[in-house]
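*Asks:* Following this line is coords_15.pdb, made up of PDB, C-alpha atoms and all ligand atoms:
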ATOM      1  CA  MET A1126     -13.804  46.823  69.965
ATOM      2  CA  THR A1127     -15.412  44.049  72.044
ATOM      3  CA  THR A1128     -17.929  41.537  70.699
ATOM      4  CA  GLY A1129     -19.809  41.793  74.025
ATOM      5  CA  TRP A1130     -20.256  38.027  74.097
ATOM      6  CA  PRO A1131     -20.712  35.886  76.147
ATOM      7  CA  VAL A1132     -22.522  37.973  78.764
ATOM      8  CA  ARG A1133     -25.074  37.726  81.561
ATOM      9  CA  LEU A1134     -27.513  40.606  82.108
ATOM     10  CA  SER A1135     -29.905  40.969  85.056
ATOM     11  CA  HIS A1136     -32.693  43.335  86.060
ATOM     12  CA  ASP A1137     -35.232  42.570  88.812
ATOM     13  CA  GLU A1138     -36.754  39.125  88.031
ATOM     14  CA  ILE A1139     -35.239  38.967  84.505
ATOM     15  CA  THR A1140     -31.924  37.310  83.616
ATOM     16  CA  LEU A1141     -30.505  37.108  80.098
ATOM     17  CA  ARG A1142     -27.652  34.658  79.504
ATOM     18  CA  PRO A1143     -26.325  32.573  76.611
ATOM     19  CA  LEU A1144     -28.731  29.928  75.316
ATOM     20  CA  SER A1145     -27.229  26.510  76.002
ATOM     21  CA  THR A1146     -27.754  22.893  74.968
ATOM     22  CA  SER A1147     -28.548  22.292  78.666
ATOM     23  CA  ASP A1148     -31.770  24.315  78.115
ATOM     24  CA  ALA A1149     -33.091  21.486  75.913
ATOM     25  CA  GLY A1150     -35.579  20.037  78.409
ATOM     26  CA  ALA A1151     -37.035  23.378  79.526
ATOM     27  CA  TRP A1152     -37.010  24.754  75.954
ATOM     28  CA  ARG A1153     -38.981  21.768  74.580
ATOM     29  CA  GLN A1154     -41.472  21.921  77.446
ATOM     30  CA  VAL A1155     -42.127  25.652  77.030
ATOM     31  CA  ARG A1156     -42.368  25.345  73.233
ATOM     32  CA  ARG A1157     -44.827  22.456  73.580
ATOM     33  CA  ASN A1158     -47.010  24.368  76.083
ATOM     34  CA  ASN A1159     -46.980  27.429  73.798
ATOM     35  CA  ALA A1160     -47.360  25.837  70.354
ATOM     36  CA  ASP A1161     -50.553  27.730  69.410
ATOM     37  CA  TRP A1162     -49.311  30.992  70.965
ATOM     38  CA  LEU A1163     -46.055  30.940  68.968
ATOM     39  CA  ARG A1164     -47.067  29.351  65.637
ATOM     40  CA  PRO A1165     -48.356  32.521  63.859
ATOM     41  CA  TRP A1166     -45.038  34.297  64.553
ATOM     42  CA  ASP A1167     -42.520  31.451  64.146
ATOM     43  CA  ALA A1168     -40.010  31.367  61.293
ATOM     44  CA  THR A1169     -40.508  28.469  58.847
ATOM     45  CA  VAL A1170     -38.404  26.957  56.077
ATOM     46  CA  PRO A1171     -39.405  28.139  52.562
ATOM     47  CA  PRO A1172     -40.225  25.402  50.015
ATOM     48  CA  GLY A1173     -37.127  24.078  48.281
ATOM     49  CA  VAL A1174     -34.745  25.257  51.012
ATOM     50  CA  GLU A1175     -32.758  22.587  52.856
ATOM     51  CA  PRO A1176     -33.576  22.856  56.610
ATOM     52  CA  HIS A1177     -30.248  23.425  58.405
ATOM     53  CA  VAL A1178     -31.736  23.318  61.913
ATOM     54  CA  THR A1179     -33.255  19.939  62.710
ATOM     55  CA  SER A1180     -33.192  19.909  66.525
ATOM     56  CA  PHE A1181     -32.744  22.204  69.530
ATOM     57  CA  ARG A1182     -29.146  21.020  69.796
ATOM     58  CA  SER A1183     -28.393  21.940  66.168
ATOM     59  CA  LEU A1184     -30.102  25.317  66.681
ATOM     60  CA  VAL A1185     -27.851  26.075  69.659
ATOM     61  CA  ARG A1186     -24.721  24.856  67.854
ATOM     62  CA  GLN A1187     -25.503  27.020  64.824
ATOM     63  CA  LEU A1188     -26.159  30.072  67.022
ATOM     64  CA  GLU A1189     -22.953  29.430  69.003
ATOM     65  CA  ARG A1190     -20.938  29.304  65.764
ATOM     66  CA  ALA A1191     -22.496  32.585  64.646
ATOM     67  CA  ALA A1192     -21.762  34.077  68.101
ATOM     68  CA  ARG A1193     -18.090  33.021  67.868
ATOM     69  CA  ARG A1194     -17.866  34.800  64.495
ATOM     70  CA  GLY A1195     -19.327  37.910  66.168
ATOM     71  CA  GLU A1196     -22.509  37.696  64.094
ATOM     72  CA  ALA A1197     -25.055  36.806  66.788
ATOM     73  CA  MET A1198     -25.921  36.946  70.499
ATOM     74  CA  PRO A1199     -28.379  34.158  71.354
ATOM     75  CA  PHE A1200     -29.884  34.936  74.770
ATOM     76  CA  ALA A1201     -32.082  32.693  76.909
ATOM     77  CA  VAL A1202     -34.615  34.662  78.963
ATOM     78  CA  GLU A1203     -35.094  33.555  82.561
ATOM     79  CA  VAL A1204     -37.889  34.920  84.739
ATOM     80  CA  ASP A1205     -37.443  34.240  88.466
ATOM     81  CA  GLY A1206     -34.783  31.676  87.561
ATOM     82  CA  ARG A1207     -36.987  29.713  85.109
ATOM     83  CA  PHE A1208     -36.381  29.421  81.358
ATOM     84  CA  ALA A1209     -39.079  31.571  79.704
ATOM     85  CA  GLY A1210     -38.039  32.441  76.142
ATOM     86  CA  GLN A1211     -35.388  33.848  73.871
ATOM     87  CA  VAL A1212     -33.988  37.128  72.603
ATOM     88  CA  THR A1213     -31.711  36.680  69.593
ATOM     89  CA  VAL A1214     -29.477  39.355  68.158
ATOM     90  CA  SER A1215     -28.568  38.284  64.626
ATOM     91  CA  ASN A1216     -27.187  39.639  61.357
ATOM     92  CA  ILE A1217     -24.554  41.665  63.227
ATOM     93  CA  VAL A1218     -22.710  43.654  60.572
ATOM     94  CA  ARG A1219     -19.580  45.602  61.499
ATOM     95  CA  GLY A1220     -17.552  48.118  59.481
ATOM     96  CA  SER A1221     -19.477  51.193  58.441
ATOM     97  CA  ALA A1222     -22.811  49.509  59.308
ATOM     98  CA  GLN A1223     -22.507  48.472  63.009
ATOM     99  CA  PHE A1224     -26.070  47.224  63.011
ATOM    100  CA  ALA A1225     -28.033  44.110  63.951
ATOM    101  CA  SER A1226     -31.511  42.613  63.970
ATOM    102  CA  MET A1227     -33.369  41.411  67.043
ATOM    103  CA  GLY A1228     -36.059  38.748  67.465
ATOM    104  CA  TYR A1229     -37.835  37.407  70.549
ATOM    105  CA  TRP A1230     -40.517  35.151  72.027
ATOM    106  CA  LEU A1231     -41.839  34.503  75.509
ATOM    107  CA  ASP A1232     -43.745  31.821  77.440
ATOM    108  CA  ARG A1233     -47.394  32.923  77.626
ATOM    109  CA  GLN A1234     -47.344  32.134  81.382
ATOM    110  CA  VAL A1235     -45.180  35.208  81.982
ATOM    111  CA  ALA A1236     -46.657  37.430  79.229
ATOM    112  CA  GLY A1237     -48.242  40.763  80.094
ATOM    113  CA  ARG A1238     -45.674  41.793  82.742
ATOM    114  CA  SER A1239     -43.514  43.883  80.401
ATOM    115  CA  VAL A1240     -40.816  41.225  80.569
ATOM    116  CA  MET A1241     -40.027  41.503  76.857
ATOM    117  CA  PRO A1242     -39.928  45.311  76.641
ATOM    118  CA  ARG A1243     -37.406  45.258  79.509
ATOM    119  CA  ALA A1244     -35.443  42.325  78.023
ATOM    120  CA  VAL A1245     -35.214  44.023  74.615
ATOM    121  CA  ALA A1246     -34.091  47.242  76.319
ATOM    122  CA  MET A1247     -31.400  45.396  78.320
ATOM    123  CA  VAL A1248     -30.070  43.667  75.203
ATOM    124  CA  ALA A1249     -30.176  46.835  73.090
ATOM    125  CA  ASP A1250     -28.270  48.758  75.809
ATOM    126  CA  HIS A1251     -25.664  45.998  75.880
ATOM    127  CA  CYS A1252     -25.375  46.126  72.077
ATOM    128  CA  PHE A1253     -24.964  49.905  72.108
ATOM    129  CA  PHE A1254     -22.810  50.553  75.157
ATOM    130  CA  VAL A1255     -20.674  47.394  75.355
ATOM    131  CA  ALA A1256     -20.648  45.838  71.862
ATOM    132  CA  GLU A1257     -20.569  49.320  70.294
ATOM    133  CA  LEU A1258     -23.289  48.696  67.728
ATOM    134  CA  HIS A1259     -25.029  51.741  66.287
ATOM    135  CA  ARG A1260     -28.459  50.540  65.151
ATOM    136  CA  ILE A1261     -30.902  47.774  66.116
ATOM    137  CA  GLU A1262     -33.779  46.739  63.894
ATOM    138  CA  ILE A1263     -36.926  44.736  64.740
ATOM    139  CA  ALA A1264     -39.333  43.380  62.082
ATOM    140  CA  ILE A1265     -42.927  42.660  63.116
ATOM    141  CA  ARG A1266     -45.946  41.279  61.263
ATOM    142  CA  PRO A1267     -48.707  43.917  61.116
ATOM    143  CA  GLU A1268     -51.091  41.388  62.746
ATOM    144  CA  ASN A1269     -48.838  40.914  65.798
ATOM    145  CA  THR A1270     -50.433  43.477  68.100
ATOM    146  CA  ASN A1271     -48.619  42.124  71.183
ATOM    147  CA  SER A1272     -45.203  42.615  69.598
ATOM    148  CA  LEU A1273     -46.201  46.017  68.217
ATOM    149  CA  ARG A1274     -46.934  47.007  71.851
ATOM    150  CA  VAL A1275     -43.359  46.036  72.773
ATOM    151  CA  VAL A1276     -41.800  48.493  70.312
ATOM    152  CA  GLU A1277     -44.433  51.107  71.148
ATOM    153  CA  LYS A1278     -43.550  50.883  74.868
ATOM    154  CA  LEU A1279     -39.867  51.213  73.931
ATOM    155  CA  GLY A1280     -40.544  54.227  71.706
ATOM    156  CA  LEU A1281     -38.864  52.696  68.660
ATOM    157  CA  ARG A1282     -39.244  54.526  65.353
ATOM    158  CA  GLU A1283     -41.106  52.880  62.480
ATOM    159  CA  VAL A1284     -38.760  53.143  59.500
ATOM    160  CA  GLY A1285     -40.453  51.130  56.789
ATOM    161  CA  PHE A1286     -42.651  48.414  55.440
ATOM    162  CA  ALA A1287     -41.201  45.252  53.910
ATOM    163  CA  PRO A1288     -43.611  43.264  51.730
ATOM    164  CA  ARG A1289     -43.184  39.472  51.902
ATOM    165  CA  TYR A1290     -40.098  39.975  54.092
ATOM    166  CA  LEU A1291     -39.756  36.688  56.061
ATOM    167  CA  HIS A1292     -41.103  33.156  55.799
ATOM    168  CA  ILE A1293     -43.326  32.859  58.870
ATOM    169  CA  ASP A1294     -45.994  30.260  59.686
ATOM    170  CA  GLY A1295     -45.719  28.693  56.235
ATOM    171  CA  ALA A1296     -45.738  31.725  53.919
ATOM    172  CA  TRP A1297     -43.857  34.894  52.986
ATOM    173  CA  ARG A1298     -45.225  37.592  55.313
ATOM    174  CA  ASP A1299     -45.220  41.380  55.200
ATOM    175  CA  HIS A1300     -43.431  43.109  58.094
ATOM    176  CA  ARG A1301     -43.353  46.559  59.656
ATOM    177  CA  ILE A1302     -39.744  47.594  60.359
ATOM    178  CA  TYR A1303     -38.740  49.420  63.565
ATOM    179  CA  ALA A1304     -35.295  50.735  64.444
ATOM    180  CA  VAL A1305     -33.371  52.591  67.107
ATOM    181  CA  THR A1306     -29.911  54.141  66.970
ATOM    182  CA  VAL A1307     -27.657  54.817  69.939
ATOM    183  CA  GLU A1308     -28.052  58.592  69.494
ATOM    184  CA  GLU A1309     -31.799  58.248  70.117
ATOM    185  CA  CYS A1310     -31.343  56.857  73.639
ATOM    186  CA  PRO A1311     -28.213  58.414  75.186
ATOM    187  CA  GLY A1312     -29.133  57.261  78.714
ATOM    188  CA  GLY A1313     -30.142  53.802  77.497
ATOM    189  CA  LEU A1314     -33.440  52.203  76.489
ATOM    190  CA  LEU A1315     -34.016  50.515  79.863
ATOM    191  CA  ARG A1316     -33.716  53.826  81.714
ATOM    192  CA  ARG A1317     -36.070  55.486  79.232
ATOM    193  CA  LEU A1318     -38.602  52.642  79.559
ATOM    194  CA  LEU A1319     -38.530  52.659  83.373
ATOM    195  CA  ASP A1320     -38.814  56.473  83.492
ATOM    196  CA  ARG A1321     -41.948  56.502  81.326
TER     197      ARG A1321
HETATM  198  C1  LIG G1401     -44.641  39.684  71.764
HETATM  199  C2  LIG G1401     -44.276  39.186  73.155
HETATM  200  C3  LIG G1401     -42.793  38.841  73.203
HETATM  201  C4  LIG G1401     -44.545  40.326  74.178
HETATM  202  O1  LIG G1401     -43.952  40.008  75.439
HETATM  203  P1  LIG G1401     -44.550  40.543  76.835
HETATM  204  O2  LIG G1401     -43.467  40.480  77.828
HETATM  205  O3  LIG G1401     -45.818  39.851  77.143
HETATM  206  O4  LIG G1401     -44.878  42.081  76.484
HETATM  207  P2  LIG G1401     -45.874  43.041  77.283
HETATM  208  O5  LIG G1401     -46.023  42.591  78.700
HETATM  209  O6  LIG G1401     -45.393  44.410  77.017
HETATM  210  O7  LIG G1401     -47.278  42.806  76.565
HETATM  211  C5  LIG G1401     -47.526  43.350  75.265
HETATM  212  C6  LIG G1401     -49.023  43.229  74.966
HETATM  213  O8  LIG G1401     -49.376  41.863  74.814
HETATM  214  C7  LIG G1401     -50.757  41.683  75.242
HETATM  215  N1  LIG G1401     -50.758  40.567  76.191
HETATM  216  C8  LIG G1401     -50.060  40.464  77.321
HETATM  217  N2  LIG G1401     -50.270  39.276  77.915
HETATM  218  C9  LIG G1401     -51.112  38.605  77.135
HETATM  219  C10 LIG G1401     -51.702  37.327  77.217
HETATM  220  N3  LIG G1401     -51.454  36.499  78.245
HETATM  221  N4  LIG G1401     -52.539  36.934  76.232
HETATM  222  C11 LIG G1401     -52.782  37.742  75.199
HETATM  223  N5  LIG G1401     -52.237  38.985  75.062
HETATM  224  C12 LIG G1401     -51.430  39.403  76.026
HETATM  225  C13 LIG G1401     -51.217  42.981  75.840
HETATM  226  O9  LIG G1401     -51.984  43.678  74.860
HETATM  227  C14 LIG G1401     -49.912  43.720  76.085
HETATM  228  O10 LIG G1401     -50.046  45.118  75.989
HETATM  229  P3  LIG G1401     -50.351  45.977  77.346
HETATM  230  O11 LIG G1401     -49.174  45.738  78.263
HETATM  231  O12 LIG G1401     -50.454  47.370  76.856
HETATM  232  O13 LIG G1401     -51.621  45.410  77.922
HETATM  233  C15 LIG G1401     -45.107  37.937  73.530
HETATM  234  O14 LIG G1401     -46.456  38.285  73.378
HETATM  235  C16 LIG G1401     -44.785  36.723  72.646
HETATM  236  O15 LIG G1401     -43.829  36.017  72.866
HETATM  237  N6  LIG G1401     -45.623  36.485  71.634
HETATM  238  C17 LIG G1401     -45.476  35.330  70.742
HETATM  239  C18 LIG G1401     -44.171  35.375  69.903
HETATM  240  C19 LIG G1401     -43.979  36.695  69.194
HETATM  241  O16 LIG G1401     -44.913  37.357  68.801
HETATM  242  N7  LIG G1401     -42.709  37.102  69.030
HETATM  243  C20 LIG G1401     -42.370  38.366  68.374
HETATM  244  C21 LIG G1401     -42.311  38.238  66.897
HETATM  245  S1  LIG G1401     -41.954  39.814  66.155
END
Transcribe the structure of this file into structure tokens.
Ligand SMILES: CC(C)(COP(=O)(O)OP(=O)(O)OC[C@H]1O[C@@H](n2cnc3c(N)ncnc32)[C@H](O)[C@@H]1OP(=O)(O)O)[C@@H](O)C(=O)NCCC(=O)NCCS

*Replies:*
Amino acid sequence: MTTGWPVRLSHDEITLRPLSTSDAGAWRQVRRNNADWLRPWDATVPPGVEPHVTSFRSLVRQLERAARRGEAMPFAVEVDGRFAGQVTVSNIVRGSAQFASMGYWLDRQVAGRSVMPRAVAMVADHCFFVAELHRIEIAIRPENTNSLRVVEKLGLREVGFAPRYLHIDGAWRDHRIYAVTVEECPGGLLRRLLDR
């Protein structure tokens, strides 16, 4: 079995590669420009919990440690060579589970071009066909119509509803849960998306 990490994935104008501390400048700039766009969907620290990520550098270091343990794949998204967001595979569980969760965000400047549906498909295909995972799950707030379009375009199955599932934008928020297994996309998610 291979962990499938580190890796670089490319399709047309999109490149996915490991997030790095050298992304700090671009990451801060894009986050600053997109503060209002991202805030309603951003993870926050619940009251009483010690924040363990205090800077971009500590975020990257924590993700790199998780990646070395085979528990995460933290991708930077580049569009036409420019840093434009993140796709993070986390909670990778092996053994009889072989599943993982996926989260993502994108610079509003490049939104609306199906960048994220294609990026999610590329990462899911890598998880299935190289890292040999079996199931990918994505949790989305019911209010997040843009993200719901991403899973709709990808044809992911809605598998459940999780009340007060994650601490987002300052409170525990309900989420709709979507999933895909490798058997559901034998030719890959990217192929299926492009053939639609
Ligand atoms: C969700 C997100 C990643 C989608 O990425 P994307 O590459 O723009 O995805 P798509 O191009 O498929 O667009 C999805 C929908 O967003 C809407 N949309 C696209 N561009 C938009 C813009 N500039 N402003 C407002 N809405 C927009 C459209 O309704 C679009 O659906 P359509 O293609 O049927 O018209 C992106 O909107 C984002 O980063 N949002 C903020 C963070 C977030 O929600 N993360 C996910 C948490 S679960």

*Asks:* With ligand LIG 1401 (chain G) as the partner and 7 Å as the cut-off, tabulate the residues of chain A that qualify, each row holding the nearest pair of atoms and their distance in Å to one decimal, using all atoms listed in the file, sorted by chain and rising number, as a tab-separated table.

*Replies:*
residue	atom	partner	partner_atom	distance
A:Trp1162	CA	G:LIG1401	C17	5.8
A:Leu1163	CA	G:LIG1401	C17	4.8
A:Trp1166	CA	G:LIG1401	O16	5.2
A:Gly1228	CA	G:LIG1401	S1	6.1
A:Tyr1229	CA	G:LIG1401	N7	5.1
A:Trp1230	CA	G:LIG1401	O15	3.5
A:Leu1231	CA	G:LIG1401	O15	3.6
A:Asp1232	CA	G:LIG1401	O15	6.2
A:Arg1233	CA	G:LIG1401	N3	5.4
A:Gln1234	CA	G:LIG1401	N3	6.8
A:Val1235	CA	G:LIG1401	O3	6.7
A:Ala1236	CA	G:LIG1401	O3	3.3
A:Gly1237	CA	G:LIG1401	O5	3.2
A:Arg1238	CA	G:LIG1401	O5	4.1
A:Ser1239	CA	G:LIG1401	O5	3.3
A:Val1240	CA	G:LIG1401	O2	3.9
A:Met1241	CA	G:LIG1401	O2	3.7
A:Pro1242	CA	G:LIG1401	O6	5.6
A:Ala1264	CA	G:LIG1401	S1	6.0
A:Ile1265	CA	G:LIG1401	S1	4.3
A:Arg1266	CA	G:LIG1401	S1	6.5
A:Asn1269	CA	G:LIG1401	O16	6.1
A:Thr1270	CA	G:LIG1401	O9	6.9
A:Asn1271	CA	G:LIG1401	O8	3.7
A:Ser1272	CA	G:LIG1401	C1	3.7
A:Arg1274	CA	G:LIG1401	C5	5.0
A:Val1275	CA	G:LIG1401	O6	5.0

*Asks:* Ranking A:Glu1277, A:Asp1294, A:Glu1196, A:Asp1299 by minimum distance to Cys1252 of chain A and counting all atoms listed in the file, which one comes first?

*Replies:*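 Residue with the minimum atom-to-atom distance to Cys1252 of chain A: A:Glu1196.
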
*Asks:* Name the residues in contact with segment 1208-1212 of chain A at a cut-off of 10 Å, using all atoms listed in the file, excluding same-chain residues fewer than 2 positions from it; report them as a PyMOL selection string.

*Replies:* chain A and resi 1139-1144+1148+1150-1152+1154-1156+1198-1206+1214-1215+1227-1236+1240-1241+1244-1245+1248

*Asks:* Tell me, as a count of residues only, which residues lie within 8 Å of Phe1286 of chain A, counting only C-alpha atoms; anything in the same chain fewer than 6 positions away does not count.

*Replies:* 4

*Asks:* Spell out the residues picked by the PyMOL selection byres (((chain A and resi 1260) around 10) and not hetatm) here, as a PDB file with C-alpha atoms, keeping the file's coordinate frame.

*Replies:*
ATOM      1  CA  ILE A1217     -24.554  41.665  63.227  1.00  0.00           C
ATOM      2  CA  ALA A1222     -22.811  49.509  59.308  1.00  0.00           C
ATOM      3  CA  GLN A1223     -22.507  48.472  63.009  1.00  0.00           C
ATOM      4  CA  PHE A1224     -26.070  47.224  63.011  1.00  0.00           C
ATOM      5  CA  ALA A1225     -28.033  44.110  63.951  1.00  0.00           C
ATOM      6  CA  SER A1226     -31.511  42.613  63.970  1.00  0.00           C
ATOM      7  CA  ALA A1249     -30.176  46.835  73.090  1.00  0.00           C
ATOM      8  CA  CYS A1252     -25.375  46.126  72.077  1.00  0.00           C
ATOM      9  CA  PHE A1253     -24.964  49.905  72.108  1.00  0.00           C
ATOM     10  CA  GLU A1257     -20.569  49.320  70.294  1.00  0.00           C
ATOM     11  CA  LEU A1258     -23.289  48.696  67.728  1.00  0.00           C
ATOM     12  CA  HIS A1259     -25.029  51.741  66.287  1.00  0.00           C
ATOM     13  CA  ILE A1261     -30.902  47.774  66.116  1.00  0.00           C
ATOM     14  CA  GLU A1262     -33.779  46.739  63.894  1.00  0.00           C
ATOM     15  CA  ALA A1304     -35.295  50.735  64.444  1.00  0.00           C
ATOM     16  CA  VAL A1305     -33.371  52.591  67.107  1.00  0.00           C
ATOM     17  CA  THR A1306     -29.911  54.141  66.970  1.00  0.00           C
ATOM     18  CA  VAL A1307     -27.657  54.817  69.939  1.00  0.00           C
ATOM     19  CA  GLU A1308     -28.052  58.592  69.494  1.00  0.00           C
ATOM     20  CA  GLU A1309     -31.799  58.248  70.117  1.00  0.00           C
TER      21      GLU A1309
END

*Asks:* Which residues would end up in the selection if the PyMOL selection byres (((chain A and resi 1175-1192) around 8) and not hetatm) were applied here, given that I need the answer as a PyMOL selection string?

*Replies:* chain A and resi 1130+1144-1146+1149+1170+1173-1174+1193-1199

*Asks:* Determine the axis-aligned bounding box of all atoms of segment 1219-1227 of chain A present in the file, pad each side by 6 Å, and express its centre and edge lengths in Å to one decimal place as lines of an AutoDock Vina configuration file.

*Replies:*
center_x = -25.5
center_y = 46.3
center_z = 62.7
size_x = 27.8
size_y = 21.8
size_z = 20.6

*Asks:* Report, in Å to a single decimal, how far apart atom CA of Ser1147 of chain A and atom CA of Pro1171 of chain A are.

*Replies:*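 Going from atom CA of Pro1171 of chain A over to atom CA of Ser1147 of chain A covers 28.9 Å.
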
*Asks:* What is the distance, in Å and to one decimal place, between atom CA of Ala1168 of chain A and atom CA of Gly1295 of chain A?

*Replies:*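 Distance reported for this atom pair: 8.1 Å.
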
*Asks:* What is the atom CA of Tyr1303 of chain A-atom CA of Pro1288 of chain A distance in Å, reported with one decimal?

*Replies:*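 About the pair atom CA of Tyr1303 of chain A and atom CA of Pro1288 of chain A: they are 14.2 Å apart.
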
*Asks:* Check what the PyMOL selection byres (((chain A and resi 1316) around 12) and not hetatm) selects in the file above and give those residues as an mmCIF file with C-alpha atoms, in the coordinates of the input.

*Replies:*
data_model
loop_
_atom_site.group_PDB
_atom_site.id
_atom_site.type_symbol
_atom_site.label_atom_id
_atom_site.label_comp_id
_atom_site.auth_asym_id
_atom_site.auth_seq_id
_atom_site.Cartn_x
_atom_site.Cartn_y
_atom_site.Cartn_z
ATOM 1 C CA HIS A 1136 -32.693 43.335 86.060
ATOM 2 C CA PRO A 1242 -39.928 45.311 76.641
ATOM 3 C CA ARG A 1243 -37.406 45.258 79.509
ATOM 4 C CA ALA A 1246 -34.091 47.242 76.319
ATOM 5 C CA MET A 1247 -31.400 45.396 78.320
ATOM 6 C CA ALA A 1249 -30.176 46.835 73.090
ATOM 7 C CA ASP A 1250 -28.270 48.758 75.809
ATOM 8 C CA LEU A 1279 -39.867 51.213 73.931
ATOM 9 C CA CYS A 1310 -31.343 56.857 73.639
ATOM 10 C CA PRO A 1311 -28.213 58.414 75.186
ATOM 11 C CA GLY A 1312 -29.133 57.261 78.714
ATOM 12 C CA GLY A 1313 -30.142 53.802 77.497
ATOM 13 C CA LEU A 1314 -33.440 52.203 76.489
ATOM 14 C CA LEU A 1315 -34.016 50.515 79.863
ATOM 15 C CA ARG A 1317 -36.070 55.486 79.232
ATOM 16 C CA LEU A 1318 -38.602 52.642 79.559
ATOM 17 C CA LEU A 1319 -38.530 52.659 83.373
ATOM 18 C CA ASP A 1320 -38.814 56.473 83.492
ATOM 19 C CA ARG A 1321 -41.948 56.502 81.326
#

*Asks:* Using all atoms listed in the file for the distances, tell me which of A:Pro1165, A:Phe1254, A:Pro1172, A:Thr1213 is nearest to Met1126 of chain A.

*Replies:*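 Of A:Pro1165, A:Phe1254, A:Pro1172, A:Thr1213, the one nearest Met1126 of chain A is A:Phe1254, counting all atoms listed in the file.
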
*Asks:* Of the candidates A:Arg1282, A:Leu1273, A:His1251, A:Ile1263, which one gets nearest to Asn1216 of chain A if we count only C-alpha atoms?

*Replies:*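 Using only C-alpha atoms, the shortest distance to Asn1216 of chain A belongs to A:Ile1263.
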